[in-house]
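What's in data_36.txt: compact mmCIF, C-alpha atoms
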```
# COMPACT_ATOMS: atom_id res chain seq x y z
CA LYS V 1 69.84 -39.08 -11.97
CA PRO V 2 66.86 -39.05 -14.35
CA GLY V 3 67.91 -38.07 -17.85
CA GLU V 4 71.50 -39.18 -17.48
CA VAL V 5 73.01 -42.07 -19.44
CA SER V 6 73.81 -45.12 -17.34
CA PRO V 7 77.55 -45.95 -17.39
CA ARG V 8 76.85 -49.62 -16.63
CA ASP V 9 74.15 -52.22 -16.20
CA VAL V 10 72.28 -51.89 -12.93
CA ILE V 11 70.88 -55.20 -11.68
CA ALA V 12 68.82 -55.87 -8.55
CA PRO V 13 71.13 -57.80 -6.18
CA ARG V 14 68.18 -59.31 -4.32
CA ASP V 15 64.39 -59.19 -4.21
CA LEU V 16 63.46 -55.61 -3.38
CA ILE V 17 60.21 -53.97 -2.38
CA VAL V 18 60.22 -50.29 -3.31
CA PRO V 19 57.64 -47.50 -3.19
CA ASP V 20 56.06 -46.72 -6.55
CA ARG V 21 55.68 -42.96 -6.47
CA ALA V 22 53.98 -42.63 -9.86
CA ALA V 23 51.37 -45.31 -9.07
CA THR V 24 50.80 -43.83 -5.63
CA ASP V 25 50.29 -40.34 -7.04
CA ARG V 26 47.95 -41.71 -9.69
CA ARG V 27 45.79 -43.49 -7.10
CA ARG V 28 45.70 -40.43 -4.90
CA VAL V 29 44.50 -38.30 -7.81
CA GLU V 30 41.85 -40.92 -8.61
CA ALA V 31 40.73 -41.05 -4.98
CA ALA V 32 40.37 -37.27 -4.86
CA SER V 33 38.47 -37.15 -8.16
CA ASP V 34 36.01 -39.75 -6.88
CA VAL V 35 34.87 -37.33 -4.18
CA LEU V 36 31.74 -35.54 -5.34
CA PRO V 37 31.63 -31.74 -5.10
CA VAL V 38 29.72 -30.59 -2.02
CA TYR V 39 26.76 -28.25 -2.43
CA ASP V 40 25.05 -26.65 0.55
CA TRP V 41 21.25 -26.83 0.45
CA ASP V 42 19.47 -23.97 2.21
CA ALA V 43 16.21 -25.68 3.17
CA ALA V 44 15.04 -22.58 5.05
CA ALA V 45 15.09 -20.35 1.94
CA PRO V 46 11.45 -21.05 0.95
CA GLU V 47 10.21 -20.24 4.45
CA ARG V 48 12.06 -16.93 4.47
CA LEU V 49 10.68 -16.00 1.07
CA VAL V 50 7.12 -16.79 2.13
CA ALA V 51 7.44 -14.70 5.28
CA GLU V 52 9.02 -11.74 3.44
CA LEU V 53 6.51 -11.78 0.58
CA GLN V 54 3.47 -12.14 2.79
CA THR V 55 4.66 -9.37 5.13
CA SER V 56 5.44 -7.02 2.23
CA PHE V 57 2.05 -7.60 0.56
CA ARG V 58 0.12 -7.26 3.83
CA LYS V 59 1.81 -4.00 4.78
CA ALA V 60 1.53 -2.61 1.23
CA ARG V 61 -2.21 -3.41 1.11
CA SER V 62 -2.70 -1.60 4.37
CA ALA V 63 -0.72 1.43 3.19
CA ALA V 64 -2.55 1.52 -0.16
CA SER V 65 -6.01 1.11 1.37
CA GLY V 66 -8.38 3.86 0.24
CA ARG V 67 -6.00 5.19 -2.42
CA ARG V 68 -6.43 5.15 -6.20
CA LYS V 69 -5.11 2.06 -7.98
CA SER V 70 -2.37 4.00 -9.74
CA ALA V 71 -1.23 5.87 -6.64
CA LEU V 72 2.27 5.02 -5.50
CA SER V 73 2.89 7.02 -2.37
CA PRO V 74 6.04 7.08 -0.20
CA ALA V 75 4.02 5.23 2.43
CA VAL V 76 3.44 2.35 0.02
CA ARG V 77 7.11 2.27 -0.95
CA ASP V 78 8.17 2.18 2.69
CA ALA V 79 5.61 -0.50 3.52
CA PHE V 80 6.95 -2.98 0.97
CA ASP V 81 9.97 -4.46 2.76
CA LEU V 82 11.51 -6.49 -0.05
CA PRO V 83 13.75 -4.62 -2.54
CA ILE V 84 11.64 -3.72 -5.55
CA GLY V 85 11.83 -1.25 -8.43
CA ASP V 86 9.23 1.45 -8.96
CA GLU V 87 7.83 -0.15 -12.13
CA ALA V 88 7.29 -3.50 -10.45
CA LEU V 89 5.80 -1.84 -7.37
CA SER V 90 3.51 0.27 -9.56
CA ALA V 91 2.33 -2.89 -11.36
CA LEU V 92 1.47 -4.48 -8.03
CA ALA V 93 -0.24 -1.29 -6.85
CA GLN V 94 -2.32 -1.19 -10.06
CA ASN V 95 -3.63 -4.60 -9.01
CA GLN V 96 -4.06 -3.47 -5.38
CA PHE V 97 -1.46 -6.02 -4.23
CA SER V 98 -4.02 -8.71 -4.95
CA GLN V 99 -4.12 -12.07 -3.21
CA ASP V 100 -4.08 -13.72 -6.66
CA ILE V 101 -0.72 -12.18 -7.63
CA GLU V 102 0.69 -12.85 -4.17
CA SER V 103 -0.32 -16.51 -4.43
CA ARG V 104 1.18 -16.80 -7.91
CA LEU V 105 4.47 -15.31 -6.69
CA LEU V 106 4.53 -17.63 -3.69
CA GLN V 107 3.88 -20.67 -5.88
CA ALA V 108 6.56 -19.67 -8.38
CA GLY V 109 9.08 -19.21 -5.58
CA ALA V 110 8.19 -22.54 -3.98
CA ASP V 111 8.48 -24.42 -7.29
CA LEU V 112 11.86 -22.93 -8.18
CA TYR V 113 13.29 -23.42 -4.70
CA ARG V 114 12.09 -27.02 -4.73
CA THR V 115 14.29 -27.85 -7.74
CA GLY V 116 17.03 -25.42 -6.76
CA VAL V 117 18.48 -22.01 -7.58
CA VAL V 118 22.24 -22.07 -8.11
CA ASP V 119 24.75 -19.25 -8.52
CA ASN V 120 26.76 -20.95 -11.29
CA ARG V 121 24.99 -23.48 -13.48
CA ASP V 122 28.01 -24.06 -15.74
CA LEU V 123 29.99 -25.32 -12.75
CA LEU V 124 27.09 -27.56 -11.76
CA GLU V 125 26.84 -28.96 -15.30
CA GLN V 126 30.43 -30.22 -15.09
CA ASN V 127 29.18 -32.85 -12.63
CA ARG V 128 26.10 -33.95 -14.57
CA GLU V 129 27.27 -37.55 -15.00
CA LYS V 130 28.42 -38.27 -11.44
CA GLY V 131 26.11 -35.86 -9.66
CA VAL V 132 26.87 -33.78 -6.59
CA GLN V 133 26.82 -34.33 -2.84
CA VAL V 134 24.10 -32.14 -1.34
CA ARG V 135 24.37 -31.21 2.33
CA ASP V 136 21.39 -29.73 4.17
CA VAL V 137 22.89 -26.85 6.17
CA ARG V 138 20.11 -27.06 8.73
CA THR V 139 20.14 -30.79 9.49
CA ALA V 140 23.61 -31.77 8.13
CA ARG V 141 21.89 -34.63 6.27
CA GLU V 142 23.56 -35.48 2.97
CA PHE V 143 22.48 -37.17 -0.21
CA ARG V 144 23.74 -37.65 -3.73
CA ARG V 145 21.83 -35.77 -6.42
CA LYS V 146 22.05 -36.46 -10.13
CA ASP V 147 18.82 -34.84 -11.39
CA LEU V 148 20.21 -31.39 -12.14
CA GLU V 149 18.27 -30.51 -15.30
CA ASP V 150 15.64 -28.36 -13.57
CA VAL V 151 18.08 -26.32 -11.46
CA VAL V 152 18.07 -22.68 -12.61
CA GLU V 153 20.85 -20.13 -12.35
CA TYR V 154 20.31 -17.00 -10.30
CA GLY V 155 19.71 -14.07 -12.63
CA SER V 156 18.20 -14.15 -16.11
CA GLN V 157 17.39 -17.89 -16.00
CA THR V 158 15.44 -17.42 -12.79
CA LYS V 159 13.68 -14.36 -14.22
CA ASN V 160 12.56 -16.31 -17.29
CA ALA V 161 11.38 -19.21 -15.14
CA VAL V 162 9.34 -16.85 -12.94
CA ALA V 163 7.78 -15.23 -16.03
CA ARG V 164 6.66 -18.66 -17.27
CA HIS V 165 4.99 -19.30 -13.91
CA LEU V 166 3.15 -15.96 -14.03
CA GLU V 167 1.92 -16.24 -17.61
CA GLY V 168 -1.85 -16.35 -18.00
CA GLY V 169 -2.40 -14.24 -14.87
CA PRO V 170 -3.38 -10.60 -14.39
CA LEU V 171 0.12 -9.32 -15.16
CA GLN V 172 0.90 -8.72 -18.83
CA GLY V 173 3.62 -7.13 -20.94
CA ARG V 174 5.97 -4.75 -19.14
CA ALA V 175 4.28 -5.37 -15.80
CA LEU V 176 4.93 -9.12 -16.11
CA THR V 177 8.59 -8.50 -16.98
CA GLU V 178 9.21 -6.12 -14.07
CA VAL V 179 7.47 -8.23 -11.44
CA SER V 180 9.28 -11.33 -12.71
CA ALA V 181 12.60 -9.48 -12.30
CA PHE V 182 11.59 -8.46 -8.77
CA LEU V 183 10.88 -12.02 -7.64
CA ALA V 184 13.95 -13.40 -9.43
CA ALA V 185 16.14 -11.01 -7.44
CA ALA V 186 14.49 -12.15 -4.21
CA LEU V 187 15.15 -15.82 -5.02
CA ARG V 188 18.68 -15.95 -3.67
CA PRO V 189 20.54 -19.21 -4.47
CA ASN V 190 19.62 -22.08 -2.15
CA LEU V 191 22.10 -24.52 -3.74
CA THR V 192 25.64 -23.23 -3.24
CA TYR V 193 28.97 -24.85 -4.09
CA ASP V 194 31.11 -25.32 -0.97
CA ALA V 195 34.64 -25.14 -2.36
CA THR V 196 36.31 -25.32 1.06
CA GLU V 197 34.51 -28.48 2.17
CA THR V 198 35.01 -30.11 -1.22
CA ALA V 199 38.76 -29.42 -1.11
CA ARG V 200 38.98 -30.75 2.46
CA ARG V 201 37.25 -34.01 1.55
CA ARG V 202 39.36 -34.52 -1.55
CA GLU V 203 42.57 -33.89 0.38
CA GLU V 204 41.44 -36.37 3.03
CA ALA V 205 40.68 -38.99 0.38
CA SER V 206 44.07 -38.44 -1.23
CA ARG V 207 45.93 -38.80 2.08
CA SER V 208 44.07 -42.02 2.88
CA VAL V 209 45.67 -43.83 -0.07
CA GLU V 210 48.54 -46.02 1.11
CA THR V 211 51.88 -46.03 -0.66
CA VAL V 212 51.91 -48.42 -3.59
CA LEU V 213 54.80 -50.89 -3.35
CA THR V 214 56.47 -52.64 -6.28
CA LYS V 215 58.52 -55.84 -6.11
CA ILE V 216 61.79 -55.89 -8.05
CA PRO V 217 62.89 -59.53 -8.39
CA ARG V 218 66.50 -60.46 -7.88
CA GLY V 219 68.50 -60.30 -11.11
CA LYS V 220 66.13 -57.88 -12.86
CA ILE V 221 67.97 -55.43 -15.10
CA ILE V 222 66.86 -52.00 -13.95
CA VAL V 223 68.75 -50.09 -16.63
CA ARG V 224 71.27 -51.15 -19.25
CA LYS V 225 74.58 -49.51 -19.94
CA GLY V 226 74.17 -46.65 -22.38
CA ASP V 227 70.39 -46.27 -21.78
CA GLU V 228 68.88 -43.08 -20.45
CA ILE V 229 67.81 -43.33 -16.82
CA SER V 230 64.07 -42.76 -16.45
CA PRO V 231 62.55 -41.23 -13.27
CA ARG V 232 61.24 -44.64 -12.24
CA ALA V 233 64.61 -46.33 -12.90
CA ALA V 234 66.29 -43.61 -10.82
CA GLU V 235 64.05 -44.51 -7.88
CA TRP V 236 64.87 -48.18 -8.26
CA ILE V 237 68.61 -47.46 -8.48
CA ALA V 238 68.31 -45.44 -5.27
CA ALA V 239 66.61 -48.47 -3.65
CA VAL V 240 69.46 -50.74 -4.79
CA ARG V 241 72.03 -48.38 -3.30
CA ALA V 242 70.08 -48.10 -0.05
CA SER V 243 69.85 -51.88 0.09
CA ALA V 244 73.61 -52.18 -0.35
CA ALA V 245 74.25 -49.58 2.35
CA ASP V 246 71.67 -51.04 4.75
CA PRO V 247 70.82 -54.69 4.03
CA SER V 248 68.04 -54.59 6.59
CA SER V 249 66.11 -51.87 4.75
CA TRP V 250 64.51 -54.29 2.31
CA VAL V 251 63.35 -56.39 5.24
CA LYS V 252 61.57 -53.37 6.72
CA VAL V 253 59.81 -52.58 3.48
CA THR V 254 58.85 -56.21 3.01
CA GLY V 255 57.36 -56.13 6.50
CA ILE V 256 55.20 -53.18 5.53
CA LEU V 257 53.94 -55.08 2.48
CA ILE V 258 53.12 -58.12 4.64
CA LEU V 259 51.18 -55.98 7.13
CA GLN V 260 49.20 -54.36 4.32
CA SER V 261 48.38 -57.80 2.90
CA LEU V 262 47.27 -59.10 6.30
CA ALA V 263 45.05 -56.05 6.82
CA ALA V 264 43.43 -56.56 3.42
CA ALA V 265 42.86 -60.25 4.17
CA ALA V 266 41.29 -59.45 7.54
CA PHE V 267 38.97 -56.93 5.92
CA TRP V 268 37.92 -59.52 3.30
CA VAL V 269 37.22 -62.18 5.93
CA ASP V 270 35.19 -59.73 8.02
CA SER V 271 33.13 -58.64 4.98
CA ARG V 272 32.40 -62.29 4.16
CA ARG V 273 31.10 -62.87 7.68
CA GLN V 274 28.73 -59.96 7.35
```

Conversion result in structure tokens:
Amino acid sequence: KPGEVSPRDVIAPRDLIVPDRAATDRRRVEAASDVLPVYDWDAAAPERLVAELQTSFRKARSAASGRRKSALSPAVRDAFDLPIGDEALSALAQNQFSQDIESRLLQAGADLYRTGVVDNRDLLEQNREKGVQVRDVRTAREFRRKDLEDVVEYGSQTKNAVARHLEGGPLQGRALTEVSAFLAAALRPNLTYDATETARRREEASRSVETVLTKIPRGKIIVRKGDEISPRAAEWIAAVRASAADPSSWVKVTGILILQSLAAAAFWVDSRRQ
């Protein structure tokens, strides 16, 4: 057993082909790590935002028609469908829900959705070097994306980005801050990490790795008398014992190695033809 001291020399009685568990596990981990994290891209998010904003502004204009600029009646509150605080709604009412502000909000939303709004930017940043696998939830089309610098995180980052888009317009000071917060809340993430799909793909990649086989030549000293038996040596000793109990076992394993070699050779020949 691993950790025990060998009472004698253990020598391979013949050429043996044995599974290399450590190498196999290492390759399976590498195969899984090579799978990019999957992010779902909601391509319909901009369209929904446009429809909701335009409807809210149109209905609010109609409800506010004929009223004073500062008036914020229950009818106006009810007319604006999107969730919005009183200060932001008052700022929009002061400007009579102008087409200019509506257009600025629509443009800000379109620009931010084009680059992406994510719920956890720190998680996204962990994959900056390799990139991520983006899957369009509407078309199922996928592509690798490495340009992640302009993606903003839902919340304060989105609010600040919206404020920069609205600067220089009719909204100033507190009104700019409140309306920016309103739109930021409406910009739900359109780039979302799919942990379930990522785990499934990584598990599939890990399972696809074939068992790594190691050849132990006849006469090789696996462990010397008095040495501690390592986990790998323990596996090899088990293979020697199995070989002694069933001489045909090494033939079976050798056959597996030959089949794997033939498959690799066939793949190489086919790739050369193409």

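Proximity of V:Leu176, V:Ala161, V:Val117, V:Ala110 to Arg48 (chain V), computed with only C-alpha atoms, is greatest for V:Ala110.
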
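For the atom pair formed by CA of Arg135 (chain V) and CA of Ala108 (chain V), the distance is 23.8 Å, given to one decimal.
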
CA of Lys146 (chain V) to CA of Ala181 (chain V): how many Å, to one decimal?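 Here the two named atoms are 28.7 Å from each other.
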
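Proximity of V:Ala175, V:Pro231, V:Glu30, V:Thr24 to Ala93 (chain V), computed with only C-alpha atoms, is greatest for V:Ala175.
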
Pick from V:Ile222, V:Ile229, V:Arg128, V:Leu72 nearest to Gly85 (chain V), counting only C-alpha atoms: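 For Gly85 (chain V), the nearest of the candidates is V:Leu72.
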
Point (3.2, 2.7, 4.1), cut-off 8 Å, counting all atoms listed in the file, residues as a list of chain:residue names: V:Lys59, V:Ala60, V:Ser62, V:Ala63, V:Ala64, V:Ser73, V:Pro74, V:Ala75, V:Val76, V:Arg77, V:Asp78, V:Ala79, V:Phe80
